[in-house]
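Novice: Data: protein_0.pdb, PDB, C-alpha atoms.
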```
MODEL        1
ATOM      1  CA  MET H   1      -8.020  32.781 -75.335
ATOM      2  CA  PRO H   2      -8.186  33.900 -71.696
ATOM      3  CA  ILE H   3      -5.328  32.842 -69.417
ATOM      4  CA  GLU H   4      -7.670  30.746 -67.230
ATOM      5  CA  ASP H   5      -8.734  28.657 -70.278
ATOM      6  CA  ARG H   6      -5.131  28.051 -71.364
ATOM      7  CA  ASP H   7      -4.321  26.813 -67.805
ATOM      8  CA  ARG H   8      -7.172  24.334 -67.907
ATOM      9  CA  GLN H   9      -6.014  22.937 -71.269
ATOM     10  CA  ASP H  10      -2.378  22.351 -70.350
ATOM     11  CA  GLY H  11      -3.171  21.171 -66.765
ATOM     12  CA  SER H  12      -1.030  23.792 -65.120
ATOM     13  CA  SER H  13      -3.823  24.750 -62.708
ATOM     14  CA  GLU H  14      -3.728  21.233 -61.165
ATOM     15  CA  ARG H  15      -0.026  21.378 -60.326
ATOM     16  CA  PRO H  16       0.523  21.940 -56.567
ATOM     17  CA  GLN H  17       1.961  25.325 -55.838
ATOM     18  CA  PRO H  18       5.414  25.386 -54.206
ATOM     19  CA  GLY H  19       5.314  25.436 -50.394
ATOM     20  CA  THR H  20       1.671  24.379 -50.106
ATOM     21  CA  ALA H  21       0.383  21.400 -48.063
ATOM     22  CA  GLN H  22      -0.641  19.733 -51.303
ATOM     23  CA  GLU H  23       2.902  19.909 -52.627
ATOM     24  CA  LYS H  24       4.354  18.505 -49.331
ATOM     25  CA  GLN H  25       1.863  15.615 -49.359
ATOM     26  CA  LYS H  26       2.818  14.808 -52.980
ATOM     27  CA  SER H  27       6.538  14.935 -52.097
ATOM     28  CA  TRP H  28       6.114  12.408 -49.242
ATOM     29  CA  ARG H  29       4.036  10.137 -51.513
ATOM     30  CA  ASP H  30       6.725  10.240 -54.174
ATOM     31  CA  PHE H  31       9.393   9.507 -51.533
ATOM     32  CA  PHE H  32       7.705   6.269 -50.419
ATOM     33  CA  PHE H  33       7.885   4.953 -53.986
ATOM     34  CA  THR H  34      11.672   5.376 -54.027
ATOM     35  CA  LEU H  35      14.036   2.646 -52.774
ATOM     36  CA  PRO H  36      14.957   4.491 -49.521
ATOM     37  CA  GLY H  37      11.270   5.071 -48.862
ATOM     38  CA  GLN H  38      10.439   1.388 -49.310
ATOM     39  CA  VAL H  39      13.273   0.418 -46.937
ATOM     40  CA  LEU H  40      12.007   2.860 -44.280
ATOM     41  CA  THR H  41       8.458   1.548 -44.645
ATOM     42  CA  THR H  42       9.667  -2.033 -44.139
ATOM     43  CA  ILE H  43      11.551  -1.045 -40.958
ATOM     44  CA  VAL H  44       8.572   0.826 -39.472
ATOM     45  CA  VAL H  45       6.150  -2.019 -40.165
ATOM     46  CA  GLY H  46       8.600  -4.536 -38.688
ATOM     47  CA  LEU H  47       9.058  -2.504 -35.505
ATOM     48  CA  ALA H  48       5.305  -2.110 -35.085
ATOM     49  CA  THR H  49       4.758  -5.855 -35.501
ATOM     50  CA  TRP H  50       7.536  -6.656 -32.991
ATOM     51  CA  ALA H  51       6.125  -4.194 -30.451
ATOM     52  CA  VAL H  52       2.617  -5.645 -30.629
ATOM     53  CA  THR H  53       3.910  -9.216 -30.334
ATOM     54  CA  HIS H  54       6.368  -8.391 -27.538
ATOM     55  CA  PHE H  55       4.033  -6.402 -25.317
ATOM     56  CA  THR H  56       1.178  -8.847 -25.841
ATOM     57  CA  GLY H  57       3.504 -11.554 -24.552
ATOM     58  CA  VAL H  58       4.518  -9.406 -21.586
ATOM     59  CA  LEU H  59       0.883  -8.786 -20.644
ATOM     60  CA  ASP H  60       0.118 -12.492 -20.929
ATOM     61  CA  THR H  61       2.991 -13.187 -18.526
ATOM     62  CA  TRP H  62       1.808 -10.545 -16.064
ATOM     63  CA  PHE H  63      -1.724 -11.862 -15.928
ATOM     64  CA  LYS H  64      -0.974 -15.586 -16.109
ATOM     65  CA  ASP H  65       2.216 -16.070 -14.112
ATOM     66  CA  GLU H  66       2.317 -13.095 -11.780
ATOM     67  CA  GLY H  67      -1.346 -12.796 -10.840
ATOM     68  CA  PRO H  68      -2.382 -12.717  -7.182
ATOM     69  CA  TRP H  69      -1.942 -16.121  -5.588
ATOM     70  CA  VAL H  70      -4.312 -15.145  -2.789
ATOM     71  CA  LYS H  71      -7.033 -12.565  -2.267
ATOM     72  CA  VAL H  72      -6.958 -10.614   0.989
ATOM     73  CA  ALA H  73      -9.876  -8.824   2.642
ATOM     74  CA  VAL H  74      -9.519  -6.644   5.747
ATOM     75  CA  GLN H  75     -12.316  -5.607   8.107
ATOM     76  CA  THR H  76     -11.237  -2.815  10.483
ATOM     77  CA  ASN H  77     -14.652  -2.241  12.079
ATOM     78  CA  PRO H  78     -14.592  -4.499  15.166
ATOM     79  CA  TYR H  79     -18.375  -4.454  15.471
ATOM     80  CA  ARG H  80     -18.573  -6.365  12.175
ATOM     81  CA  VAL H  81     -16.156  -9.067  13.352
ATOM     82  CA  GLY H  82     -17.737 -11.914  15.278
ATOM     83  CA  SER H  83     -14.745 -12.229  17.583
ATOM     84  CA  PHE H  84     -15.011  -8.609  18.733
ATOM     85  CA  ASN H  85     -18.609  -7.430  18.377
ATOM     86  CA  ASN H  86     -19.410  -8.073  22.042
ATOM     87  CA  LYS H  87     -16.603  -5.828  23.239
ATOM     88  CA  ALA H  88     -16.737  -2.113  23.931
ATOM     89  CA  ILE H  89     -15.097  -0.017  21.226
ATOM     90  CA  TYR H  90     -12.585   2.512  22.560
ATOM     91  CA  GLY H  91     -11.099   5.456  20.729
ATOM     92  CA  ALA H  92      -9.346   8.793  21.167
ATOM     93  CA  MET H  93     -10.736  12.077  19.835
ATOM     94  CA  PRO H  94      -8.710  15.307  19.451
ATOM     95  CA  ILE H  95      -9.502  17.826  22.151
ATOM     96  CA  GLY H  96     -11.459  20.679  20.585
ATOM     97  CA  ALA H  97     -13.086  18.532  17.884
ATOM     98  CA  ARG H  98     -16.795  19.157  17.519
ATOM     99  CA  PRO H  99     -18.429  16.736  15.067
ATOM    100  CA  ALA H 100     -21.880  17.858  13.998
ATOM    101  CA  THR H 101     -23.206  14.300  14.097
ATOM    102  CA  GLY H 102     -22.946  11.357  16.449
ATOM    103  CA  PRO H 103     -22.074   7.714  15.719
ATOM    104  CA  GLY H 104     -25.733   6.695  15.429
ATOM    105  CA  THR H 105     -27.708   4.022  17.220
ATOM    106  CA  GLY H 106     -25.752   1.006  18.361
ATOM    107  CA  CYS H 107     -22.023   0.525  17.754
ATOM    108  CA  ASP H 108     -22.075  -0.475  14.088
ATOM    109  CA  GLY H 109     -21.133   2.991  12.836
ATOM    110  CA  PHE H 110     -18.911   3.978  15.763
ATOM    111  CA  HIS H 111     -15.533   3.017  14.267
ATOM    112  CA  ASP H 112     -16.165   4.667  10.901
ATOM    113  CA  TRP H 113     -17.427   7.806  12.668
ATOM    114  CA  LEU H 114     -14.300   7.866  14.848
ATOM    115  CA  LEU H 115     -11.849   7.755  11.930
ATOM    116  CA  LYS H 116     -13.884  10.177   9.799
ATOM    117  CA  HIS H 117     -13.644  12.864  12.489
ATOM    118  CA  GLY H 118      -9.917  12.564  13.165
ATOM    119  CA  GLY H 119     -10.076   9.950  15.926
ATOM    120  CA  THR H 120      -7.902   6.878  16.409
ATOM    121  CA  ASP H 121      -8.212   3.373  17.808
ATOM    122  CA  ALA H 122      -7.034   3.529  21.423
ATOM    123  CA  PRO H 123      -5.467   1.588  23.022
ATOM    124  CA  GLN H 124      -6.212  -1.310  20.673
ATOM    125  CA  SER H 125      -6.948  -1.933  17.024
ATOM    126  CA  ASN H 126      -9.163  -4.972  16.592
ATOM    127  CA  LEU H 127      -9.385  -6.139  12.999
ATOM    128  CA  GLN H 128      -9.897  -9.248  10.926
ATOM    129  CA  VAL H 129      -7.926 -10.513   7.927
ATOM    130  CA  VAL H 130      -9.382 -13.059   5.491
ATOM    131  CA  VAL H 131      -7.101 -14.855   3.021
ATOM    132  CA  GLN H 132      -8.557 -16.797   0.084
ATOM    133  CA  GLY H 133      -6.613 -19.042  -2.303
ATOM    134  CA  ASN H 134      -6.562 -17.806  -5.891
ATOM    135  CA  ALA H 135      -4.171 -20.174  -7.664
ATOM    136  CA  ASP H 136      -4.187 -23.771  -8.863
ATOM    137  CA  GLY H 137      -2.809 -26.036  -6.181
ATOM    138  CA  GLU H 138      -1.872 -25.012  -2.649
ATOM    139  CA  VAL H 139      -0.419 -21.683  -1.533
ATOM    140  CA  GLN H 140       1.536 -21.773   1.736
ATOM    141  CA  ILE H 141       1.189 -18.743   4.018
ATOM    142  CA  SER H 142       3.823 -18.082   6.691
ATOM    143  CA  ASN H 143       5.879 -15.511   8.617
ATOM    144  CA  LEU H 144       3.350 -12.811   9.468
ATOM    145  CA  ARG H 145       5.311  -9.622  10.217
ATOM    146  CA  VAL H 146       4.601  -6.131  11.545
ATOM    147  CA  LEU H 147       5.908  -3.077   9.676
ATOM    148  CA  ILE H 148       5.984   0.138  11.716
ATOM    149  CA  THR H 149       5.659   3.001   9.214
ATOM    150  CA  GLY H 150       5.371   5.856  11.723
ATOM    151  CA  ARG H 151       5.783   6.597  15.434
ATOM    152  CA  GLN H 152       4.645   9.844  17.049
ATOM    153  CA  GLU H 153       4.356  11.125  20.577
ATOM    154  CA  PRO H 154       0.746  10.964  21.755
ATOM    155  CA  SER H 155      -1.221  14.173  21.173
ATOM    156  CA  ARG H 156      -3.759  15.647  23.588
ATOM    157  CA  THR H 157      -6.886  13.590  23.169
ATOM    158  CA  VAL H 158      -9.931  12.533  25.133
ATOM    159  CA  GLY H 159     -11.319   9.022  25.330
ATOM    160  CA  VAL H 160     -14.605   8.005  23.710
ATOM    161  CA  VAL H 161     -16.404   4.684  24.160
ATOM    162  CA  CYS H 162     -19.235   2.758  22.588
ATOM    163  CA  PRO H 163     -20.315   0.479  25.461
ATOM    164  CA  SER H 164     -20.455  -3.258  24.932
ATOM    165  CA  ALA H 165     -23.248  -5.754  25.273
ATOM    166  CA  GLY H 166     -20.912  -8.300  26.857
ATOM    167  CA  GLU H 167     -17.287  -9.304  27.165
ATOM    168  CA  ALA H 168     -15.057 -11.329  24.892
ATOM    169  CA  ASN H 169     -11.309 -11.637  24.636
ATOM    170  CA  PRO H 170     -10.311 -13.724  21.604
ATOM    171  CA  ARG H 171      -6.716 -13.036  20.573
ATOM    172  CA  PRO H 172      -5.537 -15.623  18.060
ATOM    173  CA  ILE H 173      -2.981 -13.040  16.856
ATOM    174  CA  SER H 174      -1.776 -10.307  19.202
ATOM    175  CA  ILE H 175       0.712  -7.515  18.539
ATOM    176  CA  ASP H 176       2.468  -5.302  21.078
ATOM    177  CA  LEU H 177       3.359  -2.218  19.046
ATOM    178  CA  ASP H 178       5.537  -0.841  21.860
ATOM    179  CA  LYS H 179       8.118  -3.592  21.419
ATOM    180  CA  ALA H 180      11.416  -2.608  19.819
ATOM    181  CA  SER H 181      10.693  -5.138  17.082
ATOM    182  CA  PRO H 182       6.961  -5.846  17.191
ATOM    183  CA  ARG H 183       5.964  -9.393  16.354
ATOM    184  CA  ALA H 184       2.676 -10.991  15.456
ATOM    185  CA  VAL H 185       2.167 -13.598  18.195
ATOM    186  CA  TYR H 186      -0.112 -16.408  17.079
ATOM    187  CA  THR H 187      -1.976 -18.278  19.800
ATOM    188  CA  SER H 188      -3.578 -21.538  18.741
ATOM    189  CA  PRO H 189      -5.143 -24.283  20.879
ATOM    190  CA  SER H 190      -2.583 -26.760  19.539
ATOM    191  CA  GLY H 191       0.348 -24.414  20.090
ATOM    192  CA  ARG H 192       1.477 -24.625  16.478
ATOM    193  CA  PRO H 193       3.200 -21.592  14.902
ATOM    194  CA  PHE H 194       1.507 -19.300  12.393
ATOM    195  CA  GLY H 195       1.259 -20.939   8.995
ATOM    196  CA  PHE H 196      -1.363 -22.560   6.801
ATOM    197  CA  THR H 197      -2.185 -23.484   3.225
ATOM    198  CA  VAL H 198      -5.115 -22.454   1.048
ATOM    199  CA  LYS H 199      -6.335 -24.044  -2.145
ATOM    200  CA  GLN H 200      -8.204 -22.130  -4.806
ATOM    201  CA  GLY H 201     -11.450 -20.852  -3.264
ATOM    202  CA  GLU H 202     -10.512 -21.881   0.305
ATOM    203  CA  THR H 203     -10.388 -19.190   2.998
ATOM    204  CA  GLU H 204      -8.617 -18.698   6.318
ATOM    205  CA  THR H 205      -9.793 -16.057   8.786
ATOM    206  CA  PHE H 206      -7.907 -14.676  11.745
ATOM    207  CA  PRO H 207      -8.660 -11.774  14.135
ATOM    208  CA  ILE H 208      -5.807  -9.478  15.155
ATOM    209  CA  THR H 209      -5.415  -7.314  18.251
ATOM    210  CA  ALA H 210      -2.678  -4.650  18.177
ATOM    211  CA  THR H 211      -2.016  -2.656  21.360
ATOM    212  CA  ALA H 212      -0.236   0.664  21.960
ATOM    213  CA  HIS H 213       0.607   2.329  25.276
ATOM    214  CA  ALA H 214       3.718   4.425  24.612
ATOM    215  CA  ALA H 215       3.125   6.173  21.268
ATOM    216  CA  HIS H 216       0.829   6.726  18.304
ATOM    217  CA  TYR H 217       1.740   4.144  15.642
ATOM    218  CA  SER H 218       1.093   3.752  11.933
ATOM    219  CA  TRP H 219       1.657   0.166  10.872
ATOM    220  CA  ARG H 220       1.061  -2.514   8.258
ATOM    221  CA  LEU H 221       1.347  -6.291   8.044
ATOM    222  CA  GLU H 222       2.989  -8.590   5.541
ATOM    223  CA  PHE H 223       3.323 -12.327   5.130
ATOM    224  CA  ASP H 224       5.256 -14.719   2.899
ATOM    225  CA  MET H 225       3.662 -16.940   0.280
ATOM    226  CA  THR H 226       4.968 -20.029  -1.490
ATOM    227  CA  TRP H 227       3.316 -21.457  -4.594
ATOM    228  CA  GLY H 228       5.159 -24.436  -6.000
ATOM    229  CA  THR H 229       8.755 -23.258  -6.363
ATOM    230  CA  LYS H 230       7.862 -19.549  -6.377
ATOM    231  CA  THR H 231       7.851 -17.204  -3.382
ATOM    232  CA  SER H 232       6.317 -13.792  -2.866
ATOM    233  CA  THR H 233       5.330 -11.305  -0.154
ATOM    234  CA  GLN H 234       1.827  -9.962   0.456
ATOM    235  CA  LEU H 235       1.236  -6.552   2.074
ATOM    236  CA  VAL H 236      -1.830  -6.096   4.291
ATOM    237  CA  ASP H 237      -3.168  -2.646   5.233
ATOM    238  CA  ASP H 238      -6.342  -0.580   5.428
ATOM    239  CA  HIS H 239      -7.172  -0.247   1.704
ATOM    240  CA  GLY H 240      -3.825   1.342   0.872
ATOM    241  CA  LYS H 241      -3.449   3.243   4.152
ATOM    242  CA  PRO H 242      -1.644   2.099   7.295
ATOM    243  CA  PHE H 243      -3.500   0.985  10.392
ATOM    244  CA  ARG H 244      -3.302   3.526  13.229
ATOM    245  CA  THR H 245      -3.275   2.833  16.954
ATOM    246  CA  ALA H 246      -2.744   5.264  19.859
ATOM    247  CA  PRO H 247      -2.612   4.996  23.657
ATOM    248  CA  ARG H 248      -5.808   5.397  25.610
ATOM    249  CA  PRO H 249      -6.117   8.969  26.934
ATOM    250  CA  GLY H 250      -5.866   9.454  30.682
ATOM    251  CA  GLY H 251      -8.888  10.307  32.776
ATOM    252  CA  PRO H 252     -12.557   9.486  32.244
ATOM    253  CA  SER H 253     -13.888   8.769  28.761
ATOM    254  CA  TRP H 254     -17.028  10.085  27.129
ATOM    255  CA  VAL H 255     -19.563   7.268  26.678
ATOM    256  CA  TRP H 256     -21.975   7.397  23.731
ATOM    257  CA  ASP H 257     -25.660   7.168  24.754
ATOM    258  CA  PHE H 258     -26.782   5.817  21.330
ATOM    259  CA  GLN H 259     -28.934   8.902  20.777
ATOM    260  CA  ASN H 260     -27.582  12.450  20.842
ATOM    261  CA  ALA H 261     -25.099  12.903  23.683
ATOM    262  CA  TRP H 262     -21.929  11.754  25.417
ATOM    263  CA  THR H 263     -21.922  11.171  29.160
ATOM    264  CA  VAL H 264     -19.534  10.505  32.025
ATOM    265  CA  PRO H 265     -21.198   8.662  34.897
ATOM    266  CA  GLY H 266     -20.921  10.288  38.295
ATOM    267  CA  THR H 267     -18.863   8.566  40.989
ATOM    268  CA  ALA H 268     -20.138  10.333  44.102
ATOM    269  CA  VAL H 269     -22.459  13.043  45.284
ATOM    270  CA  THR H 270     -19.716  15.608  44.678
ATOM    271  CA  SER H 271     -19.033  14.243  41.189
ATOM    272  CA  PRO H 272     -22.350  14.378  39.325
ATOM    273  CA  PRO H 273     -22.825  12.914  35.837
ATOM    274  CA  GLN H 274     -21.497  15.022  32.959
ATOM    275  CA  ARG H 275     -23.108  15.446  29.578
ATOM    276  CA  LEU H 276     -21.833  16.613  26.206
ATOM    277  CA  SER H 277     -24.392  17.138  23.429
ATOM    278  CA  VAL H 278     -23.610  16.318  19.816
ATOM    279  CA  GLY H 279     -22.058  19.393  18.185
ATOM    280  CA  GLU H 280     -20.395  20.597  21.381
ATOM    281  CA  GLU H 281     -16.602  20.705  21.635
ATOM    282  CA  PHE H 282     -14.845  17.664  23.053
ATOM    283  CA  HIS H 283     -12.968  18.479  26.262
ATOM    284  CA  ILE H 284     -11.452  16.507  29.116
ATOM    285  CA  PRO H 285     -14.180  15.589  31.608
ATOM    286  CA  GLN H 286     -13.887  17.113  35.012
ATOM    287  CA  ARG H 287     -12.657  14.855  37.752
ATOM    288  CA  SER H 288     -13.324  15.310  41.455
ATOM    289  CA  ASP H 289     -11.087  13.611  43.999
ATOM    290  CA  ARG H 290     -13.103  14.829  46.968
ATOM    291  CA  ARG H 291     -14.712  12.170  49.083
ATOM    292  CA  THR H 292     -17.847  12.328  51.131
ATOM    293  CA  GLY H 293     -17.643  11.439  54.822
TER     294      GLY H 293
ENDMDL
END
```
Turn the structure described in the file into structure tokens.
Specialist:
Amino acid sequence: MPIEDRDRQDGSSERPQPGTAQEKQKSWRDFFFTLPGQVLTTIVVGLATWAVTHFTGVLDTWFKDEGPWVKVAVQTNPYRVGSFNNKAIYGAMPIGARPATGPGTGCDGFHDWLLKHGGTDAPQSNLQVVVQGNADGEVQISNLRVLITGRQEPSRTVGVVCPSAGEANPRPISIDLDKASPRAVYTSPSGRPFGFTVKQGETETFPITATAHAAHYSWRLEFDMTWGTKTSTQLVDDHGKPFRTAPRPGGPSWVWDFQNAWTVPGTAVTSPPQRLSVGEEFHIPQRSDRRTG
């Protein structure tokens, strides 16, 4: 009888060969049927069950007990804030910058255009913060604070302006960033200090004006919250980035004409109007101190 036939009869051909994956798999299977293997299996299953139960409980705690007590929305474009949309929007652009596009018609896109091309609010940042309750019961809001995250010497910039349709000066909350310890000063008709409560779904809105004259500042806000017996702190910034405010550049500013150019009005016969087309390099406008007799 051939060798292959004898192997089939005695089953030797089905035995896993030493060192093969089949033999290793069989060895592990045999191990789990031994007493040590059963003990190890019990431990592993127990740990897995504990981990699932424990971390499920942790997640439940995170989402139920430590969820946001309030929702905060920030609008940094002053044209989209009712308290500021009648005011001119001022900014500072780096000298030498040459954006290929202008801010567009009107002032709606001016602020976004300014920041996109390396500009900065100057000398004020006008923004609005909206706080909405997001917890059962009342959440008390208090102690609005200013956090200076950076201070730099002013760089060489030139002023740019989107002219206003009128004048307005609402400053319920004003901040002087040049102070040694800047504070958020709340001005209310009743004279009461900053502080309010919001129930679930209720909102409070307040405009903020931050001013800089001595340096270029990066800054954030924060306020305290109390919900029942618990306290917490809420950070307020520009979608994860600090607010930025710089001094207004000296000299005349370039005024947007809502079409395709920046202009500086003339002041006398010897100081004619100046014009800078979109795409040309920003430079300091010429100034003439000569007077006509």
Novice: So the first atom is CA of Gln128 (chain H) and the second is CA of Val158 (chain H); what is the distance between them in Å, to one decimal place?
Specialist: 26.0 Å
Novice: Between H:Ala214, H:Ala88, H:Ala73, H:Val161, which has the minimum distance to Pro103 (chain H) (counting all atoms listed in the file)?
Specialist: H:Val161
Novice: From the list H:Arg248, H:Asp238, H:Ser142, H:Cys162, which residue is nearest Phe194 (chain H) when using only C-alpha atoms?
Specialist: H:Ser142
Novice: Tell me which residues the PyMOL selection byres ((chain H and resi 235) around 6) grabs here, as a list in words.
Specialist: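 In the shown coordinates, the PyMOL selection byres ((chain H and resi 235) around 6) covers Leu221, Glu222, Gln234 and Val236 of chain H.
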Novice: Store the residues picked out above, limited to C-alpha atoms, as a short mmCIF file (atom, residue, chain, number, x, y, z; two decimals), in the coordinates of the input.
Specialist:
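Saved as result24.cif:
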```
data_model
loop_
_atom_site.label_atom_id
_atom_site.label_comp_id
_atom_site.auth_asym_id
_atom_site.auth_seq_id
_atom_site.Cartn_x
_atom_site.Cartn_y
_atom_site.Cartn_z
CA LEU H 221 1.35 -6.29 8.04
CA GLU H 222 2.99 -8.59 5.54
CA GLN H 234 1.83 -9.96 0.46
CA VAL H 236 -1.83 -6.10 4.29
#
```
Novice: Please expand the PyMOL selection byres ((chain H and resi 207) around 12) into the concrete residues it hits in this file, giving the result as a CSV table (one decimal) with C-alpha atoms, keeping the file's coordinate frame.
Specialist:
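Saved file part.csv follows:
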```csv
chain,number,residue,atom,x,y,z
H,73,ALA,CA,-9.9,-8.8,2.6
H,74,VAL,CA,-9.5,-6.6,5.7
H,75,GLN,CA,-12.3,-5.6,8.1
H,76,THR,CA,-11.2,-2.8,10.5
H,77,ASN,CA,-14.7,-2.2,12.1
H,78,PRO,CA,-14.6,-4.5,15.2
H,80,ARG,CA,-18.6,-6.4,12.2
H,81,VAL,CA,-16.2,-9.1,13.4
H,82,GLY,CA,-17.7,-11.9,15.3
H,83,SER,CA,-14.7,-12.2,17.6
H,84,PHE,CA,-15.0,-8.6,18.7
H,85,ASN,CA,-18.6,-7.4,18.4
H,125,SER,CA,-6.9,-1.9,17.0
H,126,ASN,CA,-9.2,-5.0,16.6
H,127,LEU,CA,-9.4,-6.1,13.0
H,128,GLN,CA,-9.9,-9.2,10.9
H,129,VAL,CA,-7.9,-10.5,7.9
H,130,VAL,CA,-9.4,-13.1,5.5
H,131,VAL,CA,-7.1,-14.9,3.0
H,169,ASN,CA,-11.3,-11.6,24.6
H,170,PRO,CA,-10.3,-13.7,21.6
H,171,ARG,CA,-6.7,-13.0,20.6
H,172,PRO,CA,-5.5,-15.6,18.1
H,173,ILE,CA,-3.0,-13.0,16.9
H,174,SER,CA,-1.8,-10.3,19.2
H,175,ILE,CA,0.7,-7.5,18.5
H,184,ALA,CA,2.7,-11.0,15.5
H,185,VAL,CA,2.2,-13.6,18.2
H,186,TYR,CA,-0.1,-16.4,17.1
H,187,THR,CA,-2.0,-18.3,19.8
H,188,SER,CA,-3.6,-21.5,18.7
H,204,GLU,CA,-8.6,-18.7,6.3
H,205,THR,CA,-9.8,-16.1,8.8
H,206,PHE,CA,-7.9,-14.7,11.7
H,208,ILE,CA,-5.8,-9.5,15.2
H,209,THR,CA,-5.4,-7.3,18.3
H,210,ALA,CA,-2.7,-4.6,18.2
```
Novice: Applying 9 Å and only C-alpha atoms, which residues near region 113-124 of chain H remain after dropping the ones on its own chain fewer than 5 positions away? List them as a count of residues only.
Specialist: 28
Novice: The PyMOL selection byres ((chain H and resi 283) around 6) on the file shown: which residues, as a VMD selection string?
Specialist: chain H and resid 95 282 284
Novice: Do you have the CA of Gly251 (chain H)-CA of Leu177 (chain H) distance handy?
Specialist: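 A separation of 22.3 Å between them.
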